[in-house]
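Student: Handing you a structure now.
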Amino acid sequence: MEALRQIAPALDAVALLARVHVAPDSEDADAFTALVDQAREVARPKALYAEAFVEGRGDDTIRIDGITFTSRMLRHKLAGVERVFPYVATCGHELDGVALPAGDVLAQFWWDAIKAELLAAARAHLLAHLTDRFRLGQTARMSPGSGDADVWSIEQQRLLFALLGGVTPSIGVILTESCLMIPNKTVSGLLFPTEHDFRTCQVCHRESCPNRTAPFDAAVWQSLRES
Ligand code: SF4
């Protein structure tokens, strides 16, 4: 596995103000910008990945470097794929150590928006690194717990963390008993080469999700269930 810790925080206060709908010449803008400055001092976004290989396939299972994952959809999406890249990317635990004004819900909301921006920087850095180092073309990714519940169960986060090994000591991300990751602005998954664009959102029924990147696709959903 390899950890990426030299990721520029890249916090653009003006762009962030627009994202949280704060007018640039308002009092709130001063308070928000002060938070951004505070975040810049401590932020250390990070990522961890490994190069892993498919060793076996069942009807709805796939074995990767000795670990067997159960997901019919993952098995289907990895048909013909031999090499995958398990990863975790995070805004970094350092921001969770900053004491915000007690009871200030707005500051908490803004802090979360800043953390989301740091996570986006970590994800972009990881993708650029993998694409360059391994000469990858088009890729797709799947994550335990992402999409409808039966796509790939969130409990399989444990297996993903086992596949990577040493996530907590390496980049400070903790996996809780309920399989949530801390810090909250952290993502994990398997990245793999593909000839066809695929996003888990295409097979997810959650209509009001603010993070949707592709519309639900009934044809893709049906084809994966029948495969
Ligand atoms: S629609 Fe939302 S919950 Fe569903 S897979 Fe996409 S980002 Fe995840």
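In the structure tokens, each chain is lettered A, B, ... as it comes, each chain's residues begin at 1, and ligands are numbered from 1 in order of appearance.
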Find the residues near Met142 in chain A: any atom within 7 Å, counting only C-alpha atoms, skip ones fewer than 2 places away on the same chain, and give them as a list in words.

Tutor: Pro144, Gly189, Leu190, Leu191 and Thr200 of chain A

Student: Generate a file of the selected residues that holds N, CA and C atoms, formatted as a JSON list (two decimals), in the first residue's frame.

Tutor:
```
[["chain", "number", "residue", "atom", "x", "y", "z"],
["A", 144, "PRO", "N", -18.47, 0.06, -0.66],
["A", 144, "PRO", "CA", -19.42, -0.63, 0.21],
["A", 144, "PRO", "C", -20.38, 0.39, 0.83],
["A", 189, "GLY", "N", -13.27, 2.74, -1.32],
["A", 189, "GLY", "CA", -13.84, 1.98, -2.42],
["A", 189, "GLY", "C", -12.80, 1.20, -3.19],
["A", 190, "LEU", "N", -13.26, 0.64, -4.29],
["A", 190, "LEU", "CA", -12.39, -0.06, -5.23],
["A", 190, "LEU", "C", -12.45, 0.70, -6.55],
["A", 191, "LEU", "N", -11.31, 1.09, -7.05],
["A", 191, "LEU", "CA", -11.24, 1.74, -8.36],
["A", 191, "LEU", "C", -10.73, 0.72, -9.36],
["A", 200, "THR", "N", -22.24, 4.42, -9.33],
["A", 200, "THR", "CA", -23.18, 3.71, -8.47],
["A", 200, "THR", "C", -24.52, 4.43, -8.41]]
```

Student: Dump the neighbourhood of ligand 1 as a PyMOL selection string: all residues within 6 Å, distances computed on only C-alpha atoms and all ligand atoms.

Tutor: chain A and resi 146-147+200-201+204+206+209+211-212

Student: For Leu160 in chain A, please output as a ChimeraX atom specification all residues within 12 Å (counting only C-alpha atoms; exclusion window: fewer than 6 positions along the same chain).

Tutor: /A:48-50,52,63-70,84-88,142-145,152-154,166-167,175,179,187-191

Student: Taking into account only C-alpha atoms, which residue in the set A:Leu35, A:Met1, A:Ala140, A:Ile7 is nearest to His125 in chain A?

Tutor: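 Among A:Leu35, A:Met1, A:Ala140, A:Ile7, it is A:Ile7 that comes nearest to His125 in chain A.
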
Student: Could you check which of A:Pro193, A:Thr90, A:Val151, A:Ala3 is closest to Arg75 in chain A, using only C-alpha atoms?

Tutor: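 Looking only at the distances to Arg75 in chain A, the closest residue turns out to be A:Val151.
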
Student: Using DSSP on the backbone, list every residue of range 7-225 of chain A that comes out as helix (DSSP H, G or I), and give them as an mmCIF file with N, CA, C and O atoms, in the first residue's frame.

Tutor:
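states.cif, freshly written:
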```
data_model
loop_
_atom_site.group_PDB
_atom_site.id
_atom_site.type_symbol
_atom_site.label_atom_id
_atom_site.label_comp_id
_atom_site.auth_asym_id
_atom_site.auth_seq_id
_atom_site.Cartn_x
_atom_site.Cartn_y
_atom_site.Cartn_z
ATOM 1 N N ALA A 13 -11.330 30.453 -0.718
ATOM 2 C CA ALA A 13 -12.357 31.049 0.156
ATOM 3 C C ALA A 13 -13.512 31.634 -0.657
ATOM 4 O O ALA A 13 -14.683 31.511 -0.261
ATOM 5 N N VAL A 14 -13.215 32.260 -1.788
ATOM 6 C CA VAL A 14 -14.274 32.879 -2.594
ATOM 7 C C VAL A 14 -15.231 31.810 -3.135
ATOM 8 O O VAL A 14 -16.453 31.937 -3.051
ATOM 9 N N ALA A 15 -14.655 30.743 -3.679
ATOM 10 C CA ALA A 15 -15.495 29.665 -4.211
ATOM 11 C C ALA A 15 -16.301 29.005 -3.094
ATOM 12 O O ALA A 15 -17.473 28.658 -3.259
ATOM 13 N N LEU A 16 -15.662 28.846 -1.926
ATOM 14 C CA LEU A 16 -16.370 28.225 -0.805
ATOM 15 C C LEU A 16 -17.520 29.098 -0.307
ATOM 16 O O LEU A 16 -18.581 28.592 0.060
ATOM 17 N N LEU A 17 -17.311 30.427 -0.309
ATOM 18 C CA LEU A 17 -18.386 31.339 0.103
ATOM 19 C C LEU A 17 -19.618 31.135 -0.772
ATOM 20 O O LEU A 17 -20.749 31.095 -0.281
ATOM 21 N N ALA A 18 -19.363 31.003 -2.070
ATOM 22 C CA ALA A 18 -20.483 30.798 -2.988
ATOM 23 C C ALA A 18 -21.168 29.460 -2.697
ATOM 24 O O ALA A 18 -22.393 29.354 -2.740
ATOM 25 N N ARG A 19 -20.349 28.470 -2.365
ATOM 26 C CA ARG A 19 -20.902 27.138 -2.141
ATOM 27 C C ARG A 19 -21.810 27.096 -0.904
ATOM 28 O O ARG A 19 -22.778 26.352 -0.863
ATOM 29 N N GLU A 27 -21.136 40.147 7.124
ATOM 30 C CA GLU A 27 -20.442 39.788 8.373
ATOM 31 C C GLU A 27 -20.153 38.291 8.417
ATOM 32 O O GLU A 27 -19.111 37.844 8.886
ATOM 33 N N ASP A 28 -21.119 37.539 7.909
ATOM 34 C CA ASP A 28 -20.922 36.086 7.876
ATOM 35 C C ASP A 28 -19.682 35.712 7.060
ATOM 36 O O ASP A 28 -18.976 34.744 7.374
ATOM 37 N N ALA A 29 -19.429 36.487 6.000
ATOM 38 C CA ALA A 29 -18.258 36.199 5.158
ATOM 39 C C ALA A 29 -16.965 36.326 5.963
ATOM 40 O O ALA A 29 -16.038 35.524 5.806
ATOM 41 N N ASP A 30 -16.916 37.343 6.846
ATOM 42 C CA ASP A 30 -15.708 37.507 7.680
ATOM 43 C C ASP A 30 -15.528 36.300 8.601
ATOM 44 O O ASP A 30 -14.420 35.766 8.755
ATOM 45 N N ALA A 31 -16.640 35.874 9.210
ATOM 46 C CA ALA A 31 -16.562 34.728 10.126
ATOM 47 C C ALA A 31 -16.181 33.460 9.368
ATOM 48 O O ALA A 31 -15.360 32.651 9.829
ATOM 49 N N PHE A 32 -16.757 33.299 8.187
ATOM 50 C CA PHE A 32 -16.465 32.103 7.398
ATOM 51 C C PHE A 32 -15.004 32.090 6.941
ATOM 52 O O PHE A 32 -14.317 31.064 7.016
ATOM 53 N N THR A 33 -14.535 33.253 6.471
ATOM 54 C CA THR A 33 -13.146 33.334 5.998
ATOM 55 C C THR A 33 -12.167 33.042 7.138
ATOM 56 O O THR A 33 -11.117 32.430 6.924
ATOM 57 N N ALA A 34 -12.528 33.473 8.353
ATOM 58 C CA ALA A 34 -11.665 33.170 9.511
ATOM 59 C C ALA A 34 -11.580 31.662 9.726
ATOM 60 O O ALA A 34 -10.500 31.125 10.051
ATOM 61 N N LEU A 35 -12.692 30.970 9.516
ATOM 62 C CA LEU A 35 -12.668 29.507 9.641
ATOM 63 C C LEU A 35 -11.795 28.864 8.564
ATOM 64 O O LEU A 35 -11.057 27.912 8.816
ATOM 65 N N VAL A 36 -11.900 29.413 7.343
ATOM 66 C CA VAL A 36 -11.076 28.874 6.250
ATOM 67 C C VAL A 36 -9.591 29.053 6.584
ATOM 68 O O VAL A 36 -8.776 28.136 6.391
ATOM 69 N N ASP A 37 -9.249 30.226 7.119
ATOM 70 C CA ASP A 37 -7.845 30.481 7.502
ATOM 71 C C ASP A 37 -7.395 29.484 8.568
ATOM 72 O O ASP A 37 -6.279 28.957 8.521
ATOM 73 N N GLN A 38 -8.287 29.234 9.521
ATOM 74 C CA GLN A 38 -7.976 28.280 10.594
ATOM 75 C C GLN A 38 -7.762 26.881 10.013
ATOM 76 O O GLN A 38 -6.837 26.151 10.399
ATOM 77 N N ALA A 39 -8.618 26.519 9.073
ATOM 78 C CA ALA A 39 -8.507 25.194 8.452
ATOM 79 C C ALA A 39 -7.201 25.061 7.684
ATOM 80 O O ALA A 39 -6.544 24.011 7.725
ATOM 81 N N ARG A 40 -6.816 26.125 6.989
ATOM 82 C CA ARG A 40 -5.570 26.064 6.201
ATOM 83 C C ARG A 40 -4.364 25.727 7.081
ATOM 84 O O ARG A 40 -3.442 25.056 6.657
ATOM 85 N N GLU A 41 -4.392 26.208 8.313
ATOM 86 C CA GLU A 41 -3.243 25.997 9.207
ATOM 87 C C GLU A 41 -3.079 24.533 9.601
ATOM 88 O O GLU A 41 -1.964 24.072 9.826
ATOM 89 N N VAL A 42 -4.188 23.813 9.709
ATOM 90 C CA VAL A 42 -4.094 22.444 10.232
ATOM 91 C C VAL A 42 -4.375 21.356 9.196
ATOM 92 O O VAL A 42 -4.055 20.186 9.417
ATOM 93 N N ARG A 72 -23.124 -9.093 -6.015
ATOM 94 C CA ARG A 72 -23.369 -9.516 -7.396
ATOM 95 C C ARG A 72 -22.968 -8.409 -8.383
ATOM 96 O O ARG A 72 -22.417 -8.666 -9.437
ATOM 97 N N MET A 73 -23.240 -7.191 -7.976
ATOM 98 C CA MET A 73 -22.926 -6.086 -8.871
ATOM 99 C C MET A 73 -21.416 -5.867 -9.008
ATOM 100 O O MET A 73 -20.908 -5.613 -10.091
ATOM 101 N N LEU A 74 -20.705 -5.973 -7.897
ATOM 102 C CA LEU A 74 -19.251 -5.831 -7.968
ATOM 103 C C LEU A 74 -18.668 -6.941 -8.843
ATOM 104 O O LEU A 74 -17.811 -6.689 -9.698
ATOM 105 N N ARG A 75 -19.152 -8.150 -8.618
ATOM 106 C CA ARG A 75 -18.703 -9.282 -9.431
ATOM 107 C C ARG A 75 -18.941 -9.002 -10.918
ATOM 108 O O ARG A 75 -18.090 -9.270 -11.759
ATOM 109 N N HIS A 76 -20.109 -8.446 -11.225
ATOM 110 C CA HIS A 76 -20.444 -8.155 -12.620
ATOM 111 C C HIS A 76 -19.551 -7.041 -13.169
ATOM 112 O O HIS A 76 -19.028 -7.146 -14.296
ATOM 113 N N LYS A 77 -19.353 -5.981 -12.404
ATOM 114 C CA LYS A 77 -18.573 -4.848 -12.910
ATOM 115 C C LYS A 77 -17.103 -5.215 -13.070
ATOM 116 O O LYS A 77 -16.377 -4.580 -13.843
ATOM 117 N N HIS A 93 -7.828 13.835 9.774
ATOM 118 C CA HIS A 93 -8.385 13.896 11.142
ATOM 119 C C HIS A 93 -8.039 15.179 11.872
ATOM 120 O O HIS A 93 -8.634 15.510 12.900
ATOM 121 N N GLU A 94 -7.087 15.948 11.329
ATOM 122 C CA GLU A 94 -6.627 17.142 12.037
ATOM 123 C C GLU A 94 -7.750 18.142 12.295
ATOM 124 O O GLU A 94 -7.780 18.830 13.322
ATOM 125 N N LEU A 95 -8.686 18.236 11.357
ATOM 126 C CA LEU A 95 -9.761 19.224 11.527
ATOM 127 C C LEU A 95 -10.703 18.860 12.659
ATOM 128 O O LEU A 95 -11.351 19.732 13.229
ATOM 129 N N ASP A 96 -10.791 17.567 12.983
ATOM 130 C CA ASP A 96 -11.665 17.160 14.085
ATOM 131 C C ASP A 96 -11.076 17.579 15.439
ATOM 132 O O ASP A 96 -11.770 17.538 16.458
ATOM 133 N N GLY A 97 -9.814 17.960 15.457
ATOM 134 C CA GLY A 97 -9.182 18.390 16.712
ATOM 135 C C GLY A 97 -9.352 19.870 16.980
ATOM 136 O O GLY A 97 -8.919 20.369 18.025
ATOM 137 N N VAL A 105 -24.224 26.132 15.433
ATOM 138 C CA VAL A 105 -24.600 25.187 14.379
ATOM 139 C C VAL A 105 -24.096 25.655 13.014
ATOM 140 O O VAL A 105 -23.662 24.840 12.186
ATOM 141 N N LEU A 106 -24.132 26.972 12.793
ATOM 142 C CA LEU A 106 -23.692 27.493 11.496
ATOM 143 C C LEU A 106 -22.190 27.231 11.288
ATOM 144 O O LEU A 106 -21.768 26.816 10.213
ATOM 145 N N ALA A 107 -21.414 27.450 12.354
ATOM 146 C CA ALA A 107 -19.970 27.190 12.254
ATOM 147 C C ALA A 107 -19.719 25.711 11.971
ATOM 148 O O ALA A 107 -18.827 25.349 11.182
ATOM 149 N N GLN A 108 -20.497 24.847 12.594
ATOM 150 C CA GLN A 108 -20.354 23.397 12.345
ATOM 151 C C GLN A 108 -20.658 23.069 10.883
ATOM 152 O O GLN A 108 -19.950 22.279 10.245
ATOM 153 N N PHE A 109 -21.701 23.703 10.370
ATOM 154 C CA PHE A 109 -22.089 23.481 8.974
ATOM 155 C C PHE A 109 -20.984 23.967 8.030
ATOM 156 O O PHE A 109 -20.611 23.271 7.076
ATOM 157 N N TRP A 110 -20.466 25.143 8.318
ATOM 158 C CA TRP A 110 -19.390 25.688 7.473
ATOM 159 C C TRP A 110 -18.140 24.803 7.547
ATOM 160 O O TRP A 110 -17.477 24.562 6.552
ATOM 161 N N TRP A 111 -17.849 24.343 8.754
ATOM 162 C CA TRP A 111 -16.658 23.490 8.949
ATOM 163 C C TRP A 111 -16.791 22.212 8.116
ATOM 164 O O TRP A 111 -15.837 21.746 7.507
ATOM 165 N N ASP A 112 -17.992 21.669 8.098
ATOM 166 C CA ASP A 112 -18.234 20.461 7.306
ATOM 167 C C ASP A 112 -18.044 20.747 5.806
ATOM 168 O O ASP A 112 -17.537 19.897 5.064
ATOM 169 N N ALA A 113 -18.467 21.939 5.367
ATOM 170 C CA ALA A 113 -18.285 22.315 3.953
ATOM 171 C C ALA A 113 -16.794 22.424 3.623
ATOM 172 O O ALA A 113 -16.346 22.023 2.533
ATOM 173 N N ILE A 114 -16.023 22.958 4.547
ATOM 174 C CA ILE A 114 -14.566 23.067 4.338
ATOM 175 C C ILE A 114 -13.948 21.663 4.284
ATOM 176 O O ILE A 114 -13.107 21.361 3.429
ATOM 177 N N LYS A 115 -14.407 20.788 5.181
ATOM 178 C CA LYS A 115 -13.903 19.406 5.181
ATOM 179 C C LYS A 115 -14.237 18.700 3.855
ATOM 180 O O LYS A 115 -13.423 17.937 3.320
ATOM 181 N N ALA A 116 -15.442 18.968 3.348
ATOM 182 C CA ALA A 116 -15.829 18.349 2.073
ATOM 183 C C ALA A 116 -14.905 18.806 0.944
ATOM 184 O O ALA A 116 -14.550 18.020 0.051
ATOM 185 N N GLU A 117 -14.498 20.061 0.995
ATOM 186 C CA GLU A 117 -13.583 20.587 -0.026
ATOM 187 C C GLU A 117 -12.215 19.901 0.069
ATOM 188 O O GLU A 117 -11.582 19.586 -0.944
ATOM 189 N N LEU A 118 -11.782 19.664 1.282
ATOM 190 C CA LEU A 118 -10.497 18.976 1.479
ATOM 191 C C LEU A 118 -10.574 17.529 0.994
ATOM 192 O O LEU A 118 -9.623 17.009 0.398
ATOM 193 N N LEU A 119 -11.706 16.897 1.257
ATOM 194 C CA LEU A 119 -11.891 15.531 0.753
ATOM 195 C C LEU A 119 -11.851 15.522 -0.779
ATOM 196 O O LEU A 119 -11.233 14.635 -1.382
ATOM 197 N N ALA A 120 -12.499 16.490 -1.394
ATOM 198 C CA ALA A 120 -12.490 16.558 -2.860
ATOM 199 C C ALA A 120 -11.058 16.694 -3.383
ATOM 200 O O ALA A 120 -10.690 16.081 -4.393
ATOM 201 N N ALA A 121 -10.234 17.467 -2.674
ATOM 202 C CA ALA A 121 -8.828 17.627 -3.073
ATOM 203 C C ALA A 121 -8.093 16.292 -2.958
ATOM 204 O O ALA A 121 -7.285 15.922 -3.827
ATOM 205 N N ALA A 122 -8.369 15.558 -1.881
ATOM 206 C CA ALA A 122 -7.714 14.259 -1.677
ATOM 207 C C ALA A 122 -8.127 13.262 -2.764
ATOM 208 O O ALA A 122 -7.283 12.530 -3.308
ATOM 209 N N ARG A 123 -9.407 13.251 -3.098
ATOM 210 C CA ARG A 123 -9.892 12.332 -4.148
ATOM 211 C C ARG A 123 -9.274 12.666 -5.498
ATOM 212 O O ARG A 123 -8.856 11.767 -6.240
ATOM 213 N N ALA A 124 -9.255 13.943 -5.823
ATOM 214 C CA ALA A 124 -8.708 14.355 -7.113
ATOM 215 C C ALA A 124 -7.222 14.014 -7.203
ATOM 216 O O ALA A 124 -6.731 13.542 -8.235
ATOM 217 N N HIS A 125 -6.501 14.233 -6.110
ATOM 218 C CA HIS A 125 -5.067 13.925 -6.084
ATOM 219 C C HIS A 125 -4.844 12.421 -6.272
ATOM 220 O O HIS A 125 -3.973 11.994 -7.033
ATOM 221 N N LEU A 126 -5.646 11.625 -5.567
ATOM 222 C CA LEU A 126 -5.515 10.171 -5.663
ATOM 223 C C LEU A 126 -5.777 9.698 -7.097
ATOM 224 O O LEU A 126 -5.004 8.895 -7.644
ATOM 225 N N LEU A 127 -6.839 10.185 -7.694
ATOM 226 C CA LEU A 127 -7.175 9.749 -9.049
ATOM 227 C C LEU A 127 -6.073 10.145 -10.035
ATOM 228 O O LEU A 127 -5.662 9.350 -10.890
ATOM 229 N N ALA A 128 -5.569 11.368 -9.902
ATOM 230 C CA ALA A 128 -4.498 11.824 -10.800
ATOM 231 C C ALA A 128 -3.241 10.968 -10.598
ATOM 232 O O ALA A 128 -2.567 10.584 -11.570
ATOM 233 N N HIS A 129 -2.941 10.654 -9.347
ATOM 234 C CA HIS A 129 -1.759 9.837 -9.044
ATOM 235 C C HIS A 129 -1.888 8.436 -9.661
ATOM 236 O O HIS A 129 -0.962 7.944 -10.322
ATOM 237 N N LEU A 130 -3.041 7.800 -9.447
ATOM 238 C CA LEU A 130 -3.236 6.447 -9.971
ATOM 239 C C LEU A 130 -3.217 6.443 -11.496
ATOM 240 O O LEU A 130 -2.605 5.565 -12.126
ATOM 241 N N THR A 131 -3.885 7.414 -12.087
ATOM 242 C CA THR A 131 -3.956 7.483 -13.550
ATOM 243 C C THR A 131 -2.573 7.643 -14.147
ATOM 244 O O THR A 131 -2.228 6.983 -15.141
ATOM 245 N N ASP A 132 -1.773 8.477 -13.523
ATOM 246 C CA ASP A 132 -0.430 8.736 -14.041
ATOM 247 C C ASP A 132 0.510 7.552 -13.780
ATOM 248 O O ASP A 132 1.176 7.060 -14.692
ATOM 249 N N ARG A 133 0.502 7.061 -12.561
ATOM 250 C CA ARG A 133 1.469 6.013 -12.198
ATOM 251 C C ARG A 133 1.190 4.689 -12.900
ATOM 252 O O ARG A 133 2.118 3.984 -13.308
ATOM 253 N N ILE A 154 -22.690 -2.277 3.436
ATOM 254 C CA ILE A 154 -21.716 -1.417 4.120
ATOM 255 C C ILE A 154 -20.810 -2.228 5.040
ATOM 256 O O ILE A 154 -19.668 -1.837 5.306
ATOM 257 N N GLU A 155 -21.292 -3.391 5.501
ATOM 258 C CA GLU A 155 -20.456 -4.222 6.390
ATOM 259 C C GLU A 155 -19.166 -4.671 5.699
ATOM 260 O O GLU A 155 -18.180 -5.007 6.353
ATOM 261 N N GLN A 156 -19.170 -4.652 4.388
ATOM 262 C CA GLN A 156 -17.967 -5.095 3.666
ATOM 263 C C GLN A 156 -16.851 -4.039 3.700
ATOM 264 O O GLN A 156 -15.755 -4.258 3.171
ATOM 265 N N GLN A 157 -17.159 -2.922 4.368
ATOM 266 C CA GLN A 157 -16.071 -1.962 4.640
ATOM 267 C C GLN A 157 -14.947 -2.654 5.412
ATOM 268 O O GLN A 157 -13.774 -2.341 5.227
ATOM 269 N N ARG A 158 -15.340 -3.570 6.306
ATOM 270 C CA ARG A 158 -14.316 -4.258 7.121
ATOM 271 C C ARG A 158 -13.341 -5.014 6.227
ATOM 272 O O ARG A 158 -12.136 -5.029 6.463
ATOM 273 N N LEU A 159 -13.894 -5.658 5.197
ATOM 274 C CA LEU A 159 -13.036 -6.423 4.285
ATOM 275 C C LEU A 159 -12.155 -5.477 3.467
ATOM 276 O O LEU A 159 -10.991 -5.769 3.194
ATOM 277 N N LEU A 160 -12.731 -4.354 3.070
ATOM 278 C CA LEU A 160 -11.951 -3.387 2.294
ATOM 279 C C LEU A 160 -10.782 -2.846 3.128
ATOM 280 O O LEU A 160 -9.653 -2.726 2.643
ATOM 281 N N PHE A 161 -11.071 -2.560 4.397
ATOM 282 C CA PHE A 161 -10.000 -2.076 5.280
ATOM 283 C C PHE A 161 -8.959 -3.180 5.495
ATOM 284 O O PHE A 161 -7.765 -2.905 5.590
ATOM 285 N N ALA A 162 -9.431 -4.437 5.576
ATOM 286 C CA ALA A 162 -8.485 -5.547 5.742
ATOM 287 C C ALA A 162 -7.624 -5.694 4.498
ATOM 288 O O ALA A 162 -6.417 -5.993 4.576
ATOM 289 N N LEU A 163 -8.217 -5.496 3.336
ATOM 290 C CA LEU A 163 -7.465 -5.606 2.083
ATOM 291 C C LEU A 163 -6.360 -4.547 2.029
ATOM 292 O O LEU A 163 -5.237 -4.823 1.602
ATOM 293 N N LEU A 164 -6.701 -3.326 2.453
ATOM 294 C CA LEU A 164 -5.694 -2.269 2.454
ATOM 295 C C LEU A 164 -4.665 -2.490 3.558
ATOM 296 O O LEU A 164 -3.456 -2.387 3.325
ATOM 297 N N VAL A 167 -4.907 1.053 7.795
ATOM 298 C CA VAL A 167 -5.490 2.348 7.416
ATOM 299 C C VAL A 167 -5.353 3.366 8.552
ATOM 300 O O VAL A 167 -4.934 4.513 8.329
ATOM 301 N N THR A 168 -5.706 2.942 9.766
ATOM 302 C CA THR A 168 -5.685 3.903 10.883
ATOM 303 C C THR A 168 -4.273 4.405 11.193
ATOM 304 O O THR A 168 -4.053 5.617 11.252
ATOM 305 N N PRO A 169 -3.297 3.514 11.359
ATOM 306 C CA PRO A 169 -1.955 4.046 11.630
ATOM 307 C C PRO A 169 -1.379 4.850 10.471
ATOM 308 O O PRO A 169 -0.558 5.752 10.671
ATOM 309 N N SER A 170 -1.805 4.569 9.276
ATOM 310 C CA SER A 170 -1.198 5.230 8.122
ATOM 311 C C SER A 170 -1.788 6.608 7.847
ATOM 312 O O SER A 170 -1.055 7.574 7.612
ATOM 313 N N ILE A 171 -3.120 6.708 7.857
ATOM 314 C CA ILE A 171 -3.717 8.015 7.531
ATOM 315 C C ILE A 171 -4.759 8.461 8.561
ATOM 316 O O ILE A 171 -5.460 9.454 8.341
ATOM 317 N N THR A 200 -22.238 4.424 -9.327
ATOM 318 C CA THR A 200 -23.177 3.714 -8.465
ATOM 319 C C THR A 200 -24.524 4.427 -8.405
ATOM 320 O O THR A 200 -25.558 3.799 -8.193
ATOM 321 N N CYS A 201 -24.513 5.740 -8.610
ATOM 322 C CA CYS A 201 -25.771 6.505 -8.594
ATOM 323 C C CYS A 201 -26.754 5.967 -9.638
ATOM 324 O O CYS A 201 -27.965 6.103 -9.472
ATOM 325 N N GLN A 202 -26.247 5.341 -10.682
ATOM 326 C CA GLN A 202 -27.143 4.800 -11.718
ATOM 327 C C GLN A 202 -28.000 3.656 -11.179
ATOM 328 O O GLN A 202 -29.022 3.328 -11.774
ATOM 329 N N VAL A 203 -27.546 3.037 -10.109
ATOM 330 C CA VAL A 203 -28.301 1.916 -9.532
ATOM 331 C C VAL A 203 -28.692 2.226 -8.095
ATOM 332 O O VAL A 203 -28.718 1.338 -7.241
ATOM 333 N N ALA A 218 -32.689 2.624 -15.157
ATOM 334 C CA ALA A 218 -33.423 1.372 -14.973
ATOM 335 C C ALA A 218 -32.819 0.237 -15.792
ATOM 336 O O ALA A 218 -32.800 -0.918 -15.347
ATOM 337 N N ALA A 219 -32.292 0.550 -16.971
ATOM 338 C CA ALA A 219 -31.732 -0.496 -17.827
ATOM 339 C C ALA A 219 -30.471 -1.101 -17.198
ATOM 340 O O ALA A 219 -30.293 -2.327 -17.178
ATOM 341 N N VAL A 220 -29.612 -0.235 -16.670
ATOM 342 C CA VAL A 220 -28.390 -0.733 -16.017
ATOM 343 C C VAL A 220 -28.772 -1.549 -14.786
ATOM 344 O O VAL A 220 -28.244 -2.637 -14.545
ATOM 345 N N TRP A 221 -29.711 -1.018 -14.026
ATOM 346 C CA TRP A 221 -30.171 -1.713 -12.818
ATOM 347 C C TRP A 221 -30.667 -3.111 -13.164
ATOM 348 O O TRP A 221 -30.265 -4.102 -12.556
ATOM 349 N N GLN A 222 -31.504 -3.207 -14.174
ATOM 350 C CA GLN A 222 -32.089 -4.482 -14.546
ATOM 351 C C GLN A 222 -31.028 -5.431 -15.076
ATOM 352 O O GLN A 222 -31.010 -6.631 -14.739
ATOM 353 N N SER A 223 -30.112 -4.919 -15.905
ATOM 354 C CA SER A 223 -29.095 -5.783 -16.501
ATOM 355 C C SER A 223 -28.185 -6.388 -15.431
ATOM 356 O O SER A 223 -27.766 -7.540 -15.527
ATOM 357 N N LEU A 224 -27.908 -5.619 -14.397
ATOM 358 C CA LEU A 224 -27.036 -6.136 -13.342
ATOM 359 C C LEU A 224 -27.751 -7.191 -12.498
ATOM 360 O O LEU A 224 -27.145 -8.125 -12.004
ATOM 361 N N ARG A 225 -29.049 -7.054 -12.327
ATOM 362 C CA ARG A 225 -29.791 -8.033 -11.529
ATOM 363 C C ARG A 225 -29.960 -9.353 -12.284
ATOM 364 O O ARG A 225 -30.079 -10.402 -11.698
#
```

Student: Give me, please, the distance in Å between CA of Thr186 in chain A and CA of Ala89 in chain A, quoted to one decimal.

Tutor: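 For CA of Thr186 in chain A relative to CA of Ala89 in chain A, the distance reads 5.7 Å.
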
Student: Would you please give, as a list of chain:residue names, all residues of range 1-113 of chain A that DSSP assigns to strand (DSSP E or B) based on the backbone?

Tutor: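 Written out, the strand (DSSP E or B) residues of range 1-113 of chain A are A:Glu2, A:Ala3, A:Leu4, A:Lys46, A:Ala47, A:Leu48, A:Tyr49, A:Ala52, A:Phe53, A:Val54, A:Glu55, A:Gly56, A:Arg57, A:Thr61, A:Ile62, A:Arg63, A:Ile64, A:Ile67, A:Thr68, A:Phe69, A:Thr70, A:Arg83, A:Val84, A:Phe85, A:Pro86, A:Tyr87, A:Val88, A:Ala89, A:Thr90.
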
Student: Mind giving me the straight-line distance from CA of Gly137 in chain A to CA of Phe198 in chain A in Å, one decimal?

Tutor: 13.7 Å
